[in-house]
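structure.txt (compact mmCIF, C-alpha atoms) appears below.
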# COMPACT_ATOMS: atom_id res chain seq x y z
CA MET A 1 -38.94 10.63 10.48
CA SER A 2 -37.66 11.77 7.09
CA ILE A 3 -34.58 10.02 5.76
CA ILE A 4 -33.95 12.78 3.24
CA LYS A 5 -30.65 14.55 4.03
CA SER A 6 -29.76 18.02 2.79
CA ILE A 7 -27.43 18.24 -0.19
CA GLU A 8 -25.06 20.51 1.82
CA ASN A 9 -24.72 17.78 4.42
CA ARG A 10 -23.84 15.23 1.75
CA LYS A 11 -21.40 17.65 0.12
CA SER A 12 -19.54 18.30 3.37
CA HIS A 13 -19.34 14.57 4.08
CA SER A 14 -18.13 13.88 0.57
CA GLY A 15 -15.53 16.63 1.03
CA GLU A 16 -14.36 14.98 4.23
CA ILE A 17 -14.09 11.60 2.49
CA ASP A 18 -11.93 13.28 -0.15
CA SER A 19 -9.74 14.78 2.61
CA ILE A 20 -9.33 11.33 4.16
CA LEU A 21 -8.35 9.78 0.83
CA ARG A 22 -5.94 12.68 0.17
CA ASN A 23 -4.38 12.09 3.58
CA LEU A 24 -3.96 8.38 2.80
CA MET A 25 -2.38 9.26 -0.55
CA SER A 26 0.21 11.37 1.25
CA LEU A 27 1.66 8.26 2.92
CA GLN A 28 4.90 6.96 1.49
CA GLY A 29 4.30 4.47 -1.34
CA VAL A 30 0.50 4.81 -1.56
CA SER A 31 -0.47 5.12 -5.23
CA ALA A 32 -4.28 4.87 -5.04
CA ALA A 33 -6.97 5.20 -2.40
CA ALA A 34 -10.56 4.37 -3.31
CA ILE A 35 -13.99 3.84 -1.85
CA VAL A 36 -15.86 0.99 -3.52
CA ASP A 37 -19.58 0.32 -3.05
CA SER A 38 -21.23 -3.08 -2.54
CA ASP A 39 -21.71 -3.49 -6.31
CA GLY A 40 -18.00 -3.03 -6.95
CA LEU A 41 -18.36 0.51 -8.29
CA VAL A 42 -15.75 3.08 -7.31
CA THR A 43 -17.48 6.05 -5.67
CA HIS A 44 -14.40 8.09 -4.65
CA ILE A 45 -10.83 7.71 -5.83
CA HIS A 46 -7.48 9.47 -5.54
CA ARG A 47 -4.65 8.00 -7.57
CA ASP A 48 -1.33 8.87 -9.12
CA PHE A 49 -1.37 6.30 -11.91
CA GLU A 50 -3.87 5.11 -14.52
CA VAL A 51 -6.01 2.35 -13.10
CA ASN A 52 -9.09 0.64 -14.50
CA THR A 53 -11.58 1.66 -11.79
CA ASP A 54 -14.17 -0.93 -12.87
CA ALA A 55 -11.62 -3.74 -12.61
CA LEU A 56 -10.34 -2.38 -9.29
CA GLY A 57 -13.85 -2.13 -7.83
CA ALA A 58 -14.86 -5.61 -8.95
CA SER A 59 -11.65 -7.26 -7.73
CA VAL A 60 -11.86 -5.49 -4.36
CA GLN A 61 -15.28 -7.01 -3.72
CA ILE A 62 -14.24 -10.45 -4.98
CA VAL A 63 -11.03 -10.58 -2.92
CA PHE A 64 -12.70 -9.27 0.22
CA GLY A 65 -15.63 -11.65 -0.24
CA ALA A 66 -13.26 -14.61 -0.54
CA ALA A 67 -11.21 -13.47 2.49
CA SER A 68 -14.36 -13.01 4.56
CA LYS A 69 -15.48 -16.54 3.73
CA ALA A 70 -12.03 -17.89 4.60
CA ALA A 71 -12.14 -16.05 7.94
CA LYS A 72 -15.51 -17.59 8.73
CA HIS A 73 -14.32 -21.08 7.72
CA VAL A 74 -11.46 -20.94 10.23
CA GLY A 75 -13.67 -19.49 12.95
CA HIS A 76 -12.20 -15.97 12.84
CA ASN A 77 -15.55 -14.28 12.52
CA LEU A 78 -15.24 -11.03 10.53
CA ALA A 79 -12.38 -9.93 8.27
CA ASN A 80 -11.22 -6.45 9.34
CA ILE A 81 -8.34 -5.83 6.97
CA VAL A 82 -7.22 -7.89 3.99
CA ILE A 83 -3.61 -7.40 2.86
CA CYS A 84 -2.52 -8.74 -0.53
CA GLU A 85 1.26 -8.82 -0.89
CA ASN A 86 2.16 -8.72 -4.57
CA THR A 87 5.46 -8.66 -6.45
CA GLU A 88 5.27 -4.91 -7.00
CA GLY A 89 3.40 -3.78 -3.91
CA PHE A 90 0.46 -4.26 -1.59
CA VAL A 91 -3.29 -3.93 -1.81
CA LEU A 92 -5.08 -3.31 1.49
CA LEU A 93 -8.83 -3.65 1.84
CA ALA A 94 -11.04 -2.72 4.77
CA PRO A 95 -14.82 -2.78 5.09
CA ILE A 96 -16.55 0.48 6.01
CA GLU A 97 -20.35 0.23 6.20
CA SER A 98 -23.23 -1.21 4.16
CA GLY A 99 -20.89 -3.05 1.82
CA PHE A 100 -18.68 -0.01 1.14
CA MET A 101 -14.95 -0.75 1.21
CA LEU A 102 -11.76 1.24 1.45
CA ALA A 103 -9.04 0.04 -0.94
CA LEU A 104 -5.42 1.16 -0.88
CA VAL A 105 -2.89 0.33 -3.57
CA THR A 106 0.77 0.79 -2.64
CA GLU A 107 4.17 0.38 -4.18
CA ARG A 108 6.79 -2.01 -2.83
CA GLU A 109 8.59 0.60 -0.73
CA ALA A 110 5.45 1.42 1.28
CA LEU A 111 5.83 1.03 5.04
CA LEU A 112 3.19 -1.57 5.81
CA GLY A 113 2.94 -0.72 9.51
CA ARG A 114 2.48 2.97 8.75
CA ILE A 115 -0.31 2.28 6.27
CA ARG A 116 -2.03 -0.31 8.43
CA PHE A 117 -1.83 2.06 11.41
CA GLU A 118 -3.46 4.85 9.39
CA LEU A 119 -6.06 2.45 8.02
CA LYS A 120 -7.01 1.23 11.48
CA GLU A 121 -7.44 4.80 12.67
CA THR A 122 -9.31 5.94 9.58
CA ILE A 123 -11.90 3.17 9.32
CA PRO A 124 -13.89 4.14 12.47
CA VAL A 125 -14.09 7.74 11.19
CA LEU A 126 -15.26 6.58 7.77
CA LYS A 127 -17.84 4.34 9.45
CA LYS A 128 -19.23 7.32 11.35
CA LEU A 129 -19.31 9.43 8.19
CA PHE A 130 -21.09 6.75 6.19
CA LEU A 131 -23.55 6.02 8.99
CA SER A 132 -24.49 9.67 9.19
CA PHE A 133 -25.29 10.09 5.52
CA LEU A 134 -26.40 6.68 4.25
CA MET B 135 17.78 16.04 30.54
CA HIS B 136 19.79 15.22 27.40
CA TRP B 137 18.79 15.53 23.75
CA PHE B 138 17.25 12.08 23.26
CA GLU B 139 15.36 12.21 26.56
CA SER B 140 13.81 15.52 25.59
CA GLN B 141 12.81 14.12 22.19
CA ILE B 142 11.18 11.09 23.82
CA LEU B 143 9.34 13.36 26.26
CA THR B 144 8.00 15.38 23.32
CA LEU B 145 6.82 12.17 21.66
CA TYR B 146 5.09 11.06 24.88
CA LYS B 147 3.21 14.36 24.93
CA LEU B 148 2.23 14.09 21.27
CA ALA B 149 1.10 10.47 21.81
CA GLU B 150 -1.00 11.61 24.76
CA ALA B 151 -2.58 14.44 22.75
CA TYR B 152 -3.32 12.02 19.92
CA ASN B 153 -4.82 9.50 22.34
CA PHE B 154 -6.96 12.22 23.89
CA SER B 155 -8.26 13.25 20.45
CA LYS B 156 -9.33 9.64 19.87
CA ILE B 157 -11.50 9.43 22.96
CA GLN B 158 -13.32 12.69 22.31
CA GLU B 159 -16.94 11.89 21.65
CA GLY B 160 -19.51 13.99 19.92
CA ASN B 161 -21.82 14.34 16.97
CA ASP B 162 -19.54 16.63 14.99
CA VAL B 163 -17.95 13.85 12.91
CA LEU B 164 -16.29 16.26 10.50
CA ASN B 165 -14.39 18.22 13.17
CA ILE B 166 -13.47 15.12 15.16
CA SER B 167 -12.18 13.50 11.97
CA GLU B 168 -10.04 16.51 11.10
CA GLN B 169 -8.68 16.95 14.63
CA GLY B 170 -7.86 13.26 14.98
CA ARG B 171 -6.05 13.25 11.66
CA GLN B 172 -4.05 16.31 12.63
CA LYS B 173 -2.97 14.94 16.02
CA ARG B 174 -2.09 11.56 14.49
CA SER B 175 -0.10 13.22 11.78
CA GLU B 176 1.81 15.40 14.29
CA PHE B 177 2.69 12.33 16.34
CA ILE B 178 3.75 10.11 13.43
CA GLU B 179 5.73 12.87 11.73
CA ALA B 180 7.59 13.51 14.99
CA VAL B 181 8.38 9.76 15.24
CA GLN B 182 9.67 9.77 11.64
CA ALA B 183 11.75 12.90 12.31
CA LEU B 184 13.34 11.35 15.41
CA VAL B 185 14.09 8.11 13.54
CA ASN B 186 15.84 10.17 10.84
CA ARG B 187 17.88 12.09 13.40
CA VAL B 188 18.92 9.25 15.72
CA ILE B 189 20.83 7.56 12.91
CA HIS B 190 23.34 10.46 13.04
CA SER B 191 24.37 9.56 16.60
CA PRO B 192 27.79 7.90 16.79
CA GLY B 193 27.64 4.10 16.80
CA VAL B 194 23.96 3.86 15.87
CA THR B 195 23.56 1.58 12.85
CA ALA B 196 19.78 1.74 12.44
CA CYS B 197 16.70 3.24 13.98
CA THR B 198 13.21 1.92 13.30
CA ALA B 199 9.68 2.34 14.57
CA TYR B 200 7.06 -0.41 14.58
CA HIS B 201 3.35 -0.65 15.14
CA GLU B 202 2.10 -4.11 16.11
CA GLY B 203 5.20 -5.70 14.58
CA LEU B 204 4.96 -3.91 11.24
CA ILE B 205 7.42 -1.29 10.08
CA LEU B 206 6.30 2.32 10.44
CA ALA B 207 9.51 4.33 10.01
CA GLN B 208 13.14 3.45 9.37
CA SER B 209 16.59 4.83 8.85
CA GLY B 210 19.94 3.09 8.48
CA LYS B 211 20.56 -0.56 7.67
CA THR B 212 18.61 -3.36 9.31
CA PRO B 213 19.45 -6.96 8.29
CA ASP B 214 15.82 -8.20 8.20
CA ILE B 215 13.22 -5.60 8.96
CA ASP B 216 10.29 -8.05 9.15
CA ALA B 217 12.12 -10.48 11.44
CA LEU B 218 13.08 -7.58 13.71
CA GLY B 219 9.43 -6.50 13.86
CA ALA B 220 8.33 -9.98 14.86
CA MET B 221 11.07 -10.24 17.50
CA ILE B 222 10.18 -6.85 18.97
CA GLN B 223 6.51 -7.75 19.18
CA GLU B 224 7.35 -11.02 20.92
CA SER B 225 9.76 -9.29 23.34
CA ILE B 226 7.14 -6.71 24.26
CA ARG B 227 4.54 -9.44 24.79
CA VAL B 228 6.83 -11.37 27.14
CA ALA B 229 7.84 -8.20 28.99
CA GLN B 230 4.21 -7.26 29.45
CA LYS B 231 3.62 -10.57 31.19
CA GLY B 232 6.45 -9.69 33.57
CA GLU B 233 4.93 -6.27 34.07
CA ALA B 234 2.00 -7.83 35.90
CA ILE B 235 3.90 -10.59 37.71
CA LEU B 236 6.84 -8.47 38.89
CA HIS B 237 4.93 -5.19 39.40
CA LEU B 238 7.28 -3.37 37.04
CA GLY B 239 4.72 -0.85 35.92
CA LYS B 240 4.11 -0.10 32.26
CA ILE B 241 7.02 -1.33 30.13
CA GLN B 242 9.07 1.62 28.87
CA GLN B 243 12.31 0.08 27.63
CA ILE B 244 13.81 -3.28 26.76
CA VAL B 245 17.46 -3.76 25.84
CA ILE B 246 18.76 -6.96 24.29
CA VAL B 247 22.53 -7.33 24.12
CA GLY B 248 24.14 -9.91 21.86
CA ASP B 249 27.87 -10.64 21.63
CA LEU B 250 28.02 -8.47 18.47
CA ASN B 251 25.18 -5.97 18.53
CA LYS B 252 22.48 -4.68 20.80
CA ILE B 253 19.01 -3.32 20.40
CA ALA B 254 17.11 -0.88 22.58
CA MET B 255 13.31 -0.82 22.34
CA ILE B 256 11.37 2.12 23.70
CA THR B 257 7.58 2.17 23.89
CA ILE B 258 5.90 5.43 22.92
CA GLY B 259 2.12 5.17 22.90
CA PRO B 260 1.19 2.55 20.30
CA ILE B 261 4.68 2.66 18.72
CA ILE B 262 7.91 0.82 19.55
CA LEU B 263 11.06 2.77 18.74
CA CYS B 264 14.19 0.65 18.19
CA VAL B 265 17.80 1.73 18.18
CA LEU B 266 20.40 -0.75 16.89
CA SER B 267 24.10 -0.44 17.54
CA PRO B 268 27.27 -2.52 18.03
CA LYS B 269 27.51 -4.07 21.50
CA HIS B 270 30.27 -1.75 22.74
CA THR B 271 28.38 1.47 21.92
CA ASN B 272 27.43 3.53 24.96
CA LEU B 273 23.94 4.41 23.78
CA ALA B 274 23.17 6.78 26.66
CA LEU B 275 26.25 8.83 25.80
CA SER B 276 25.78 8.51 22.08
CA LEU B 277 22.18 9.66 22.15
CA SER B 278 22.80 12.47 24.63
CA GLN B 279 23.81 14.89 21.89
CA TYR B 280 22.32 15.53 18.51
CA ASN B 281 24.94 15.22 15.77
CA GLY B 282 22.73 15.81 12.73
Mind turning this structure into structure tokens?
Amino acid sequence: MSIIKSIENRKSHSGEIDSILRNLMSLQGVSAAAIVDSDGLVTHIHRDFEVNTDALGASVQIVFGAASKAAKHVGHNLANIVICENTEGFVLLAPIESGFMLALVTEREALLGRIRFELKETIPVLKKLFLSFL
Amino acid sequence: MHWFESQILTLYKLAEAYNFSKIQEGNDVLNISEQGRQKRSEFIEAVQALVNRVIHSPGVTACTAYHEGLILAQSGKTPDIDALGAMIQESIRVAQKGEAILHLGKIQQIVIVGDLNKIAMITIGPIILCVLSPKHTNLALSLSQYNG
């Protein structure tokens, strides 16, 4: 069976990923939403401030890698969502598929429950999308 | 049926529609994604709108909505929003134990009355809506009419 997918298929999936990121950006306090690949490279990003995408991508993978190891050490199996609470806001990380990650950067006034709720609902959809075109 | 009851009923329907959209299976990932997002957005926006309106009822000091103990929407003044979230989650957990033991059915409301203030918690799908007021406030009367 051929694993080559049509470019139209990829385009529509990429468009849907953009819609999902746009939707996440519309949440109160969210200032950046990005998809980062397993090498720490940002493949999709929506943001409303200047951010070093290389630094963001690399730190996302490092932080999630460390959290995953910590989860394993304490017998929690897999890390589903990593939340970093910082002085000026939150960073939320969630694994998608094949090492791809969703990263959200928020300001302090973000409603954590609202963002986590949206993240938990969005991840299964992103998994399906990535599975169908990877 | 008074104003608040009708609002809660609308939210129940939106929560049901959203839940239904989640269980729809199929290969059309793009359409399912879009539909799910739309239904979720309708539900959450309605929750936020109700939270913003309830605060205008006489005697109500704050109205909040939580998902798994984390804040989802808020209006008014709450002393410690994180502590309230944790307390709500714990109250729901304890009540759910009673649900099975006492055959109460699915938990819909919990009211905790202190000697100063009281808090009413209402479950709507995956969300807990909380209304805070002074102890003496008649919440049923207060919420029966929209004063926005």
Note to self: Residues of chain A were defined as contacting chain B if any atom lay at most 9 Å from it, counting only C-alpha atoms; please report them as a ChimeraX atom specification.
What the structure shows: /A:12-13,16,19-20,23,111-118,121-122,125-126,128-129,132
Please produce a file of the residues just selected, as a short mmCIF file (atom, residue, chain, number, x, y, z; two decimals), in the frame of the given file, where the atoms kept are C-alpha atoms.
data_model
loop_
_atom_site.label_atom_id
_atom_site.label_comp_id
_atom_site.auth_asym_id
_atom_site.auth_seq_id
_atom_site.Cartn_x
_atom_site.Cartn_y
_atom_site.Cartn_z
CA SER A 12 -19.54 18.30 3.37
CA HIS A 13 -19.34 14.57 4.08
CA GLU A 16 -14.36 14.98 4.23
CA SER A 19 -9.74 14.78 2.61
CA ILE A 20 -9.33 11.33 4.16
CA ASN A 23 -4.38 12.09 3.58
CA LEU A 111 5.83 1.03 5.04
CA LEU A 112 3.19 -1.57 5.81
CA GLY A 113 2.94 -0.72 9.51
CA ARG A 114 2.48 2.97 8.75
CA ILE A 115 -0.31 2.28 6.27
CA ARG A 116 -2.03 -0.31 8.43
CA PHE A 117 -1.83 2.06 11.41
CA GLU A 118 -3.46 4.85 9.39
CA GLU A 121 -7.44 4.80 12.67
CA THR A 122 -9.31 5.94 9.58
CA VAL A 125 -14.09 7.74 11.19
CA LEU A 126 -15.26 6.58 7.77
CA LYS A 128 -19.23 7.32 11.35
CA LEU A 129 -19.31 9.43 8.19
CA SER A 132 -24.49 9.67 9.19
#
Margin query: So that I can see what lies close to stretch 180-192 of chain B, please list as a PyMOL selection string the residues with an atom at most 9 Å from it, counting only C-alpha atoms and leaving out residues fewer than 6 positions away in the same chain.
Written below: chain B and resi 138+141-142+144-145+148+198-199+206-210+261+263-265+271+273+276-282
Next item on the list: Considering all atoms listed in the file, return as a list of chain:residue names whatever protein or nucleic-acid residues lie within 10 Å of A:Gly89, sequence-local ones (same chain, fewer than 5 positions apart) excluded.
Entry: A:Gly29, A:Val30, A:Ser31, A:Cys84, A:Val105, A:Thr106, A:Glu107, A:Arg108, A:Glu109, A:Ala110, A:Leu112
Next item on the list: Please determine the residues with any atom at most 12 Å from (-17.4, 8.3, -7.0) (coordinates as given in the file, with all atoms listed in the file counting) and report them as a ChimeraX atom specification.
Entry: /A:14-15,17-18,33-37,40-46,53-54,57,100
Next item on the list: Just the residues within 9 Å of B:His270, please, counting only C-alpha atoms, with nothing from its chain fewer than 5 positions along; format it as a ChimeraX atom specification.
Entry: /B:193,250-252
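As for atom CA of B:His136 and atom CA of B:Val228, they are spaced 29.6 Å apart.
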Margin query: I'd like the interatomic distance between atom CA of A:Glu50 and atom CA of A:Leu24, to a tenth of an Å.
Written below: 17.6 Å
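Across the structure, atom CA of A:Ala70 and atom CA of A:Leu93 are spaced 14.9 Å apart.
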Checklist line | Best match for closeness to A:Leu27 among A:Ser68, A:Gln61, A:Leu119, A:Gly99, counting only C-alpha atoms | finding: A:Leu119
Margin query: Counting all atoms listed in the file, which residue out of B:Leu275, B:Trp137, B:Asn153, B:Ile253 sits closest to B:Thr195?
Written below: B:Ile253
